[in-house]
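Q: What follows is entry-v9.csv, made up of CSV, C-alpha atoms:
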```csv
chain,number,residue,atom,x,y,z
G,1,MET,CA,86.7,95.3,120.1
G,2,ASP,CA,87.2,95.1,116.3
G,3,CYS,CA,90.5,93.3,115.6
G,4,ILE,CA,92.6,92.1,112.8
G,5,ILE,CA,95.2,89.3,112.7
G,6,ILE,CA,98.5,89.6,110.7
G,7,ASP,CA,100.5,86.4,110.5
G,8,ASP,CA,102.0,84.6,107.5
G,9,GLU,CA,101.2,81.1,109.0
G,10,SER,CA,97.5,80.0,108.5
G,11,THR,CA,97.8,77.7,111.5
G,12,ALA,CA,98.9,80.6,113.8
G,13,ARG,CA,95.9,82.7,112.6
G,14,GLU,CA,93.5,79.9,113.3
G,15,ILE,CA,94.9,79.5,116.8
G,16,ILE,CA,94.4,83.2,117.5
G,17,LYS,CA,90.9,83.1,116.1
G,18,GLN,CA,90.1,80.1,118.4
G,19,LEU,CA,91.5,82.0,121.5
G,20,CYS,CA,89.4,85.0,120.5
G,21,SER,CA,86.2,83.0,120.2
G,22,ASN,CA,86.3,82.4,123.9
G,23,GLN,CA,86.3,86.2,124.6
G,24,GLU,CA,82.9,88.0,124.6
G,25,ASN,CA,84.0,91.4,123.3
G,26,ILE,CA,86.4,90.3,120.5
G,27,ASN,CA,85.3,90.7,116.8
G,28,ILE,CA,87.8,89.5,114.2
G,29,VAL,CA,87.2,91.8,111.3
G,30,ARG,CA,89.9,90.5,108.9
G,31,GLU,CA,93.0,88.4,108.8
G,32,PHE,CA,96.1,88.9,106.7
G,33,ALA,CA,99.0,86.7,105.6
G,34,ASP,CA,101.3,89.8,105.0
G,35,ALA,CA,101.8,93.2,106.5
G,36,ILE,CA,101.5,95.1,103.2
G,37,SER,CA,97.9,94.1,102.7
G,38,ALA,CA,97.1,95.0,106.3
G,39,ILE,CA,98.5,98.5,105.7
G,40,LYS,CA,96.2,99.1,102.8
G,41,PHE,CA,93.2,98.0,104.9
G,42,LEU,CA,94.2,100.2,107.9
G,43,ASN,CA,94.4,103.2,105.6
G,44,GLU,CA,90.7,102.9,105.0
G,45,ASN,CA,89.4,101.3,108.2
G,46,ASN,CA,89.5,102.0,112.0
G,47,ILE,CA,90.1,99.1,114.4
G,48,ASP,CA,90.8,98.7,118.0
G,49,LEU,CA,93.5,95.9,118.2
G,50,ILE,CA,96.0,94.1,116.0
G,51,PHE,CA,97.4,90.7,116.7
G,52,LEU,CA,100.8,90.9,114.9
G,53,ASP,CA,103.4,88.3,114.2
G,54,ILE,CA,106.9,89.8,114.3
G,55,HIS,CA,108.6,87.3,111.9
G,56,MET,CA,107.2,87.6,108.4
G,57,PRO,CA,108.9,87.5,105.0
G,58,ASP,CA,109.8,90.7,103.2
G,59,PHE,CA,108.2,93.1,105.7
G,60,ASN,CA,108.5,92.1,109.4
G,61,GLY,CA,106.4,93.2,112.3
G,62,ILE,CA,108.7,95.9,113.6
G,63,ASP,CA,108.9,97.5,110.1
G,64,PHE,CA,105.1,97.4,110.0
G,65,ILE,CA,104.8,99.1,113.3
G,66,LYS,CA,107.0,102.0,112.2
G,67,THR,CA,104.7,102.7,109.3
G,68,LEU,CA,101.7,103.3,111.5
G,69,LYS,CA,100.8,107.0,111.9
G,70,ASN,CA,97.8,106.5,114.2
G,71,PRO,CA,98.4,103.0,115.6
G,72,PRO,CA,95.7,101.1,117.3
G,73,GLN,CA,96.6,98.8,120.2
G,74,LEU,CA,98.9,95.8,119.3
G,75,ILE,CA,99.5,92.4,120.8
G,76,LEU,CA,102.6,90.9,119.4
G,77,THR,CA,102.9,87.1,118.8
G,78,THR,CA,106.1,85.3,118.1
G,79,SER,CA,108.2,82.3,118.9
G,80,ASP,CA,111.3,84.5,119.4
G,81,PRO,CA,111.8,86.3,122.7
G,82,ASN,CA,114.7,88.5,121.5
G,83,PHE,CA,112.5,91.3,120.2
G,84,ALA,CA,110.7,91.9,123.6
G,85,ALA,CA,112.8,94.8,124.8
G,86,SER,CA,112.7,96.8,121.6
G,87,ALA,CA,109.0,96.1,121.1
G,88,PHE,CA,108.0,97.8,124.4
G,89,GLU,CA,109.5,101.1,123.3
G,90,PHE,CA,106.1,101.6,121.7
G,91,ASP,CA,103.5,102.4,124.3
G,92,PHE,CA,100.6,101.2,122.1
G,93,ILE,CA,101.9,97.6,122.4
G,94,ILE,CA,99.8,95.8,125.0
G,95,ASP,CA,101.8,92.6,125.3
G,96,TYR,CA,104.4,90.3,123.8
G,97,LEU,CA,103.0,86.7,123.6
G,98,LEU,CA,105.3,83.8,123.0
G,99,LYS,CA,104.1,80.9,120.9
G,100,PRO,CA,102.5,78.5,121.9
G,101,ILE,CA,100.3,81.2,123.5
G,102,ASP,CA,99.3,80.7,127.1
G,103,MET,CA,95.5,81.2,127.6
G,104,THR,CA,95.8,83.0,130.9
G,105,ARG,CA,98.5,85.4,129.4
G,106,PHE,CA,96.2,85.9,126.4
G,107,GLN,CA,93.2,86.8,128.6
G,108,ASN,CA,95.3,89.3,130.6
G,109,ALA,CA,96.4,91.0,127.5
G,110,ILE,CA,92.9,91.3,126.2
G,111,ALA,CA,91.8,92.8,129.6
G,112,ARG,CA,94.5,95.5,129.3
G,113,ALA,CA,93.4,96.4,125.8
G,114,GLU,CA,89.8,96.7,127.0
G,115,ASN,CA,90.8,98.9,129.9
G,116,ARG,CA,92.7,101.3,127.6
G,117,LEU,CA,89.7,101.6,125.3
G,118,LEU,CA,87.7,102.8,128.3
G,119,ILE,CA,90.3,105.6,128.9
G,120,LYS,CA,90.5,106.6,125.2
G,121,PRO,CA,87.1,106.3,123.5
G,122,LYS,CA,86.8,105.2,119.9
G,123,ASP,CA,85.3,108.6,118.8
G,124,ASN,CA,88.5,110.5,119.8
G,125,THR,CA,86.6,112.6,122.3
G,126,ARG,CA,89.7,114.3,123.7
G,127,GLU,CA,90.7,115.5,120.2
G,128,LYS,CA,87.2,116.8,119.6
G,129,ILE,CA,87.2,118.7,122.9
G,130,PHE,CA,90.4,120.4,122.0
G,131,GLU,CA,89.1,121.5,118.6
G,132,ASN,CA,86.0,123.1,120.2
G,133,GLN,CA,85.8,126.8,120.9
G,134,GLU,CA,86.1,126.1,124.7
G,135,LYS,CA,89.6,125.0,125.2
G,136,TYR,CA,89.9,124.9,129.0
G,137,LEU,CA,90.7,122.7,131.9
G,138,TYR,CA,89.2,123.1,135.4
G,139,VAL,CA,91.3,122.1,138.4
G,140,ASN,CA,90.5,122.0,142.1
G,141,ILE,CA,92.2,124.8,144.0
G,142,ASN,CA,91.4,125.9,147.6
G,143,LYS,CA,88.0,124.2,147.6
G,144,GLY,CA,87.1,125.9,144.3
G,145,LEU,CA,87.6,125.5,140.6
G,146,LYS,CA,90.2,127.3,138.5
G,147,LYS,CA,89.9,127.7,134.8
G,148,ILE,CA,93.1,127.1,132.8
G,149,ASN,CA,93.4,127.7,129.0
G,150,LEU,CA,95.0,124.6,127.5
G,151,ASN,CA,96.8,126.6,124.9
G,152,ASP,CA,98.7,128.6,127.6
G,153,ILE,CA,100.1,125.5,129.3
G,154,LEU,CA,103.8,125.0,128.5
G,155,PHE,CA,104.4,121.8,130.5
G,156,ILE,CA,103.2,119.9,133.6
G,157,GLU,CA,105.7,118.6,136.1
G,158,ALA,CA,105.1,115.9,138.8
G,159,LYS,CA,106.2,116.6,142.3
G,160,GLY,CA,105.3,113.8,144.7
G,161,ASP,CA,101.5,113.7,145.2
G,162,TYR,CA,101.2,117.0,143.2
G,163,ILE,CA,101.5,118.3,139.7
G,164,ILE,CA,102.7,121.8,138.7
G,165,ILE,CA,100.9,123.3,135.7
G,166,VAL,CA,103.4,125.8,134.2
G,167,LYS,CA,102.4,128.7,132.0
G,168,GLU,CA,104.7,131.5,130.9
G,169,LYS,CA,104.0,133.7,133.9
G,170,GLU,CA,102.1,131.4,136.3
G,171,ARG,CA,102.5,128.1,138.1
G,172,THR,CA,99.5,126.3,139.5
G,173,ILE,CA,100.0,123.4,142.0
G,174,VAL,CA,97.3,120.8,142.0
G,175,HIS,CA,96.8,117.6,144.1
G,176,SER,CA,96.9,115.1,141.2
G,177,SER,CA,99.1,112.8,139.2
G,178,LEU,CA,100.5,113.0,135.6
G,179,LYS,CA,98.6,109.8,134.8
G,180,LYS,CA,95.3,111.3,135.8
G,181,ILE,CA,95.7,114.6,134.0
G,182,LEU,CA,97.0,112.9,130.9
G,183,GLU,CA,93.7,111.1,130.6
G,184,VAL,CA,91.8,114.4,130.2
G,185,LEU,CA,94.3,116.3,128.1
G,186,PRO,CA,94.0,116.2,124.3
G,187,ASP,CA,96.8,114.0,123.0
G,188,ILE,CA,96.8,116.0,119.7
G,189,ALA,CA,98.9,118.6,121.7
G,190,PHE,CA,100.1,117.1,124.9
G,191,ILE,CA,102.5,114.2,125.3
G,192,GLN,CA,104.5,112.7,128.2
G,193,VAL,CA,108.2,112.9,127.5
G,194,HIS,CA,109.6,111.8,130.9
G,195,ARG,CA,108.2,110.1,133.9
G,196,SER,CA,107.9,113.5,135.6
G,197,TYR,CA,106.9,115.7,132.6
G,198,ILE,CA,104.1,116.3,130.1
G,199,ILE,CA,104.7,119.0,127.5
G,200,ASN,CA,102.6,121.0,125.1
G,201,ILE,CA,104.2,120.3,121.7
G,202,ASN,CA,102.9,123.6,120.3
G,203,HIS,CA,105.4,125.4,122.5
G,204,ILE,CA,108.5,123.4,121.6
G,205,VAL,CA,111.4,125.7,120.5
G,206,ASP,CA,113.9,123.0,119.6
G,207,ILE,CA,115.1,119.5,120.6
G,208,LYS,CA,118.8,118.8,121.3
G,209,ASP,CA,120.4,115.6,122.7
G,210,ASN,CA,118.0,114.3,125.4
G,211,GLY,CA,116.2,117.6,126.1
G,212,VAL,CA,113.4,119.6,124.6
G,213,ASN,CA,113.3,123.4,124.9
G,214,VAL,CA,109.8,124.5,125.8
G,215,VAL,CA,110.0,128.4,125.8
G,216,LYS,CA,113.4,128.5,127.6
G,217,ASN,CA,112.6,125.5,129.9
G,218,ILE,CA,114.7,122.5,129.1
G,219,ILE,CA,112.7,119.3,129.8
G,220,PRO,CA,114.4,116.0,129.8
G,221,ILE,CA,113.3,113.3,127.4
G,222,GLY,CA,113.1,109.8,128.8
G,223,ARG,CA,114.4,107.0,126.6
G,224,GLN,CA,111.0,105.1,126.6
G,225,TYR,CA,109.1,108.2,125.5
G,226,LYS,CA,111.5,109.4,122.8
G,227,SER,CA,110.1,107.4,119.9
G,228,LYS,CA,106.5,108.4,120.5
G,229,LEU,CA,107.5,112.1,120.7
G,230,PHE,CA,109.3,112.0,117.3
G,231,GLN,CA,106.3,110.2,115.8
G,232,GLN,CA,104.0,113.0,116.8
G,233,LEU,CA,106.2,115.8,115.5
G,234,ASN,CA,106.1,117.0,111.9
G,235,LEU,CA,109.6,115.9,110.8
G,236,LEU,CA,111.1,116.7,107.4
```
In structure tokens, how does this file's structure come out?

A:
Amino acid sequence: MDCIIIDDESTAREIIKQLCSNQENINIVREFADAISAIKFLNENNIDLIFLDIHMPDFNGIDFIKTLKNPPQLILTTSDPNFAASAFEFDFIIDYLLKPIDMTRFQNAIARAENRLLIKPKDNTREKIFENQEKYLYVNINKGLKKINLNDILFIEAKGDYIIIVKEKERTIVHSSLKKILEVLPDIAFIQVHRSYIININHIVDIKDNGVNVVKNIIPIGRQYKSKLFQQLNLL
């Protein structure tokens, strides 16, 4: 994994580099003493993981996170535990490591980052699939395969061990989970907004309070999913 370190303390950066040196798949590409320089670098380069200190002068870690349009994975490092709850509102944050960093905790965070990369490849395969002429999903129904046009899907609802794929005039019940189907859907169009719902953002009519109107279907928005939804929409 290609990584960068953002921390205003040189000693802290050296400690992270030392921890990374014990990991086989970690490549530290650059290190930065301030977030502004890192933003310029990220505008021109793709990386897999950021080690980010929250407390930095002028432009702190949380402010930096909010500027990211296509954020890579992040591991936060800090000596202050008070930001933990707000930090995990962002689902691309892997872990929140308190200084001095525990080696076992560090290794577990790296393992989670590597697992996520296996699900979402570096070449954005799911986005490319959605851009192809063939924009379909095949699901197992009655010992056969059913072809579903992705553009026609309004939303997907979880019901126990099953999911319901909802189109305007059809509902298809599949033995699966939201987690499993989310891994194969293109995240340029589909996003989870509640523990029980995935929606197609192309069919959003409006958003009011804590609900999103998807062609006359009011889908609840869970608190932990709200910030990612708003990041993905084109807001004026």

Q: Box for segment 165-168 of chain G: with edges along x, y and z, all listed atoms inside and 6 Å added on each side, what are the centre and edge lengths in Å to one decimal, as JSON?

A:
```
{"center_x": 102.8, "center_y": 127.4, "center_z": 133.3, "size_x": 15.8, "size_y": 20.2, "size_z": 16.8}
```

Q: Which protein, DNA or RNA residues have an atom at most 10 Å from (104.6, 127.7, 134.8), counting only C-alpha atoms? List them as a VMD selection string.

A: chain G and resid 152 to 157 164 to 173 217

Q: Could you please determine the separation between atom CA of Phe32 of chain G and atom CA of Arg13 of chain G in Å, to one decimal place?

A: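 So the two atoms, atom CA of Phe32 of chain G and atom CA of Arg13 of chain G, lie 8.6 Å apart.
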
Q: Residues within 12 Å of Ser176 of chain G, please, as a list of chain:residue names. Count only C-alpha atoms; anything in the same chain fewer than 2 positions from it doesn't count.

A: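 The residues satisfying every condition are G:Val139, G:Asn140, G:Ile141, G:Ile156, G:Glu157, G:Ala158, G:Lys159, G:Gly160, G:Asp161, G:Tyr162, G:Ile163, G:Ile164, G:Ile165, G:Thr172, G:Ile173, G:Val174, G:Leu178, G:Lys179, G:Lys180, G:Ile181, G:Leu182, G:Glu183.
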
Q: Using atom CA of Ala33 of chain G and atom CA of Thr77 of chain G as the two end points, give the distance in Å to one decimal.

A: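 So the answer is 13.8 Å.
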
Q: Expressed in Å to a single decimal, how great is the separation between atom CA of Ile221 of chain G and atom CA of Tyr138 of chain G?

A: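 Going from atom CA of Ile221 of chain G over to atom CA of Tyr138 of chain G, I get 27.2 Å.
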
Q: Using only C-alpha atoms, can you tell me which of G:Asp7, G:Glu114, G:Asp58, G:Glu31 comes closest to Leu76 of chain G?

A: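 Nearest to Leu76 of chain G: G:Asp7.
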
Q: Residues of segment 93-188 of chain G that have any atom at most 10 Å from an atom of segment 70-75 of chain G: could you tabulate them with the shortest-distance atom pair and the distance in Å to one decimal, using all atoms listed in the file, ordered by chain and increasing number, as JSON lines?

A:
```
{"residue": "G:Ile93", "atom": "CA", "partner": "G:Leu74", "partner_atom": "CA", "distance": 4.7}
{"residue": "G:Ile94", "atom": "CA", "partner": "G:Ile75", "partner_atom": "CA", "distance": 5.4}
{"residue": "G:Asp95", "atom": "CA", "partner": "G:Ile75", "partner_atom": "CA", "distance": 5.1}
{"residue": "G:Tyr96", "atom": "CA", "partner": "G:Ile75", "partner_atom": "CA", "distance": 6.1}
{"residue": "G:Leu97", "atom": "CA", "partner": "G:Ile75", "partner_atom": "CA", "distance": 7.3}
{"residue": "G:Phe106", "atom": "CA", "partner": "G:Ile75", "partner_atom": "CA", "distance": 9.2}
{"residue": "G:Ala109", "atom": "CA", "partner": "G:Ile75", "partner_atom": "CA", "distance": 7.5}
{"residue": "G:Ile110", "atom": "CA", "partner": "G:Ile75", "partner_atom": "CA", "distance": 8.6}
{"residue": "G:Arg112", "atom": "CA", "partner": "G:Gln73", "partner_atom": "CA", "distance": 9.9}
{"residue": "G:Ala113", "atom": "CA", "partner": "G:Gln73", "partner_atom": "CA", "distance": 6.9}
{"residue": "G:Glu114", "atom": "CA", "partner": "G:Gln73", "partner_atom": "CA", "distance": 9.8}
{"residue": "G:Arg116", "atom": "CA", "partner": "G:Gln73", "partner_atom": "CA", "distance": 8.7}
{"residue": "G:Leu117", "atom": "CA", "partner": "G:Gln73", "partner_atom": "CA", "distance": 9.0}
```

Q: Output C-alpha atoms for every residue in that selection, as a short mmCIF file (atom, residue, chain, number, x, y, z; two decimals), keeping the file's coordinate frame.

A:
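So the final result, stored in out07.cif, reads:
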```cif
data_model
loop_
_atom_site.label_atom_id
_atom_site.label_comp_id
_atom_site.auth_asym_id
_atom_site.auth_seq_id
_atom_site.Cartn_x
_atom_site.Cartn_y
_atom_site.Cartn_z
CA ILE G 93 101.90 97.60 122.40
CA ILE G 94 99.80 95.80 125.00
CA ASP G 95 101.80 92.60 125.30
CA TYR G 96 104.40 90.30 123.80
CA LEU G 97 103.00 86.70 123.60
CA PHE G 106 96.20 85.90 126.40
CA ALA G 109 96.40 91.00 127.50
CA ILE G 110 92.90 91.30 126.20
CA ARG G 112 94.50 95.50 129.30
CA ALA G 113 93.40 96.40 125.80
CA GLU G 114 89.80 96.70 127.00
CA ARG G 116 92.70 101.30 127.60
CA LEU G 117 89.70 101.60 125.30
#
```

Q: Out of G:Ile65, G:Leu150, G:Ile16, G:Phe41, which residue has the shortest atom-to-atom distance to Pro100 of chain G when counting only C-alpha atoms?

A: G:Ile16

Q: With only C-alpha atoms as the atoms that count, which of G:Asn142, G:Thr78, G:Gln192, G:Asn151 lies nearest to Phe51 of chain G?

A: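 Of the candidates, the smallest distance to Phe51 of chain G is held by G:Thr78.
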
Q: Could you check which of G:Val205, G:Ile62, G:Ile101, G:Leu68 is closest to Leu42 of chain G, using only C-alpha atoms?

A: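 Comparing G:Val205, G:Ile62, G:Ile101, G:Leu68 against Leu42 of chain G, the winner is G:Leu68.
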
Q: For Pro220 of chain G, which residue out of G:Ile50, G:Ile15, G:Ile5, G:Ile199 is the nearest one, using only C-alpha atoms?

A: G:Ile199

Q: For each of G:Ile4, G:Asp53, G:Ile26, G:Asn60, take the minimum atom-to-atom distance to Ala38 of chain G, counting all atoms listed in the file, then give the residue where this is smallest.

A: G:Ile4

Q: Could you rebuild segment 158-183 of chain G with N, CA and C atoms and give it back as a JSON list (two decimals), in the coordinates of the input?

A:
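Contents of the output file part_0.json:
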```
[["chain", "number", "residue", "atom", "x", "y", "z"],
["G", 158, "ALA", "N", 105.50, 116.64, 137.57],
["G", 158, "ALA", "CA", 105.10, 115.90, 138.80],
["G", 158, "ALA", "C", 106.02, 116.15, 139.91],
["G", 159, "LYS", "N", 105.44, 116.41, 141.08],
["G", 159, "LYS", "CA", 106.20, 116.60, 142.30],
["G", 159, "LYS", "C", 105.53, 115.85, 143.44],
["G", 160, "GLY", "N", 105.95, 114.61, 143.67],
["G", 160, "GLY", "CA", 105.30, 113.80, 144.70],
["G", 160, "GLY", "C", 103.87, 113.55, 144.41],
["G", 161, "ASP", "N", 102.98, 113.93, 145.34],
["G", 161, "ASP", "CA", 101.50, 113.70, 145.20],
["G", 161, "ASP", "C", 100.89, 114.91, 144.44],
["G", 162, "TYR", "N", 101.69, 115.81, 143.90],
["G", 162, "TYR", "CA", 101.20, 117.00, 143.20],
["G", 162, "TYR", "C", 101.71, 117.14, 141.83],
["G", 163, "ILE", "N", 101.03, 117.94, 141.03],
["G", 163, "ILE", "CA", 101.50, 118.30, 139.70],
["G", 163, "ILE", "C", 101.60, 119.85, 139.67],
["G", 164, "ILE", "N", 102.55, 120.37, 138.90],
["G", 164, "ILE", "CA", 102.70, 121.80, 138.70],
["G", 164, "ILE", "C", 102.35, 122.11, 137.24],
["G", 165, "ILE", "N", 101.29, 122.86, 137.02],
["G", 165, "ILE", "CA", 100.90, 123.30, 135.70],
["G", 165, "ILE", "C", 101.59, 124.60, 135.38],
["G", 166, "VAL", "N", 102.50, 124.60, 134.42],
["G", 166, "VAL", "CA", 103.40, 125.80, 134.20],
["G", 166, "VAL", "C", 102.90, 126.51, 132.92],
["G", 167, "LYS", "N", 102.59, 127.79, 133.11],
["G", 167, "LYS", "CA", 102.40, 128.70, 132.00],
["G", 167, "LYS", "C", 103.51, 129.69, 131.97],
["G", 168, "GLU", "N", 103.52, 130.59, 131.01],
["G", 168, "GLU", "CA", 104.70, 131.50, 130.90],
["G", 168, "GLU", "C", 104.89, 132.37, 132.07],
["G", 169, "LYS", "N", 103.82, 132.83, 132.71],
["G", 169, "LYS", "CA", 104.00, 133.70, 133.90],
["G", 169, "LYS", "C", 103.21, 133.23, 135.09],
["G", 170, "GLU", "N", 102.92, 131.95, 135.13],
["G", 170, "GLU", "CA", 102.10, 131.40, 136.30],
["G", 170, "GLU", "C", 102.37, 129.94, 136.45],
["G", 171, "ARG", "N", 102.40, 129.53, 137.70],
["G", 171, "ARG", "CA", 102.50, 128.10, 138.10],
["G", 171, "ARG", "C", 101.34, 127.78, 138.98],
["G", 172, "THR", "N", 100.63, 126.68, 138.66],
["G", 172, "THR", "CA", 99.50, 126.30, 139.50],
["G", 172, "THR", "C", 99.77, 124.87, 140.02],
["G", 173, "ILE", "N", 99.70, 124.73, 141.34],
["G", 173, "ILE", "CA", 100.00, 123.40, 142.00],
["G", 173, "ILE", "C", 98.62, 122.75, 142.27],
["G", 174, "VAL", "N", 98.52, 121.50, 141.84],
["G", 174, "VAL", "CA", 97.30, 120.80, 142.00],
["G", 174, "VAL", "C", 97.56, 119.39, 142.57],
["G", 175, "HIS", "N", 96.71, 118.96, 143.47],
["G", 175, "HIS", "CA", 96.80, 117.60, 144.10],
["G", 175, "HIS", "C", 96.31, 116.60, 143.05],
["G", 176, "SER", "N", 97.24, 116.02, 142.30],
["G", 176, "SER", "CA", 96.90, 115.10, 141.20],
["G", 176, "SER", "C", 98.12, 114.33, 140.79],
["G", 177, "SER", "N", 97.99, 113.56, 139.73],
["G", 177, "SER", "CA", 99.10, 112.80, 139.20],
["G", 177, "SER", "C", 99.20, 113.06, 137.66],
["G", 178, "LEU", "N", 100.38, 112.81, 137.07],
["G", 178, "LEU", "CA", 100.50, 113.00, 135.60],
["G", 178, "LEU", "C", 99.57, 112.01, 134.89],
["G", 179, "LYS", "N", 99.44, 110.80, 135.40],
["G", 179, "LYS", "CA", 98.60, 109.80, 134.80],
["G", 179, "LYS", "C", 97.15, 110.31, 134.68],
["G", 180, "LYS", "N", 96.67, 110.89, 135.77],
["G", 180, "LYS", "CA", 95.30, 111.30, 135.80],
["G", 180, "LYS", "C", 95.03, 112.51, 134.89],
["G", 181, "ILE", "N", 95.92, 113.49, 134.87],
["G", 181, "ILE", "CA", 95.70, 114.60, 134.00],
["G", 181, "ILE", "C", 95.91, 114.30, 132.54],
["G", 182, "LEU", "N", 96.80, 113.34, 132.26],
["G", 182, "LEU", "CA", 97.00, 112.90, 130.90],
["G", 182, "LEU", "C", 95.78, 112.35, 130.25],
["G", 183, "GLU", "N", 94.96, 111.73, 131.08],
["G", 183, "GLU", "CA", 93.70, 111.10, 130.60],
["G", 183, "GLU", "C", 92.72, 112.13, 130.09]]
```
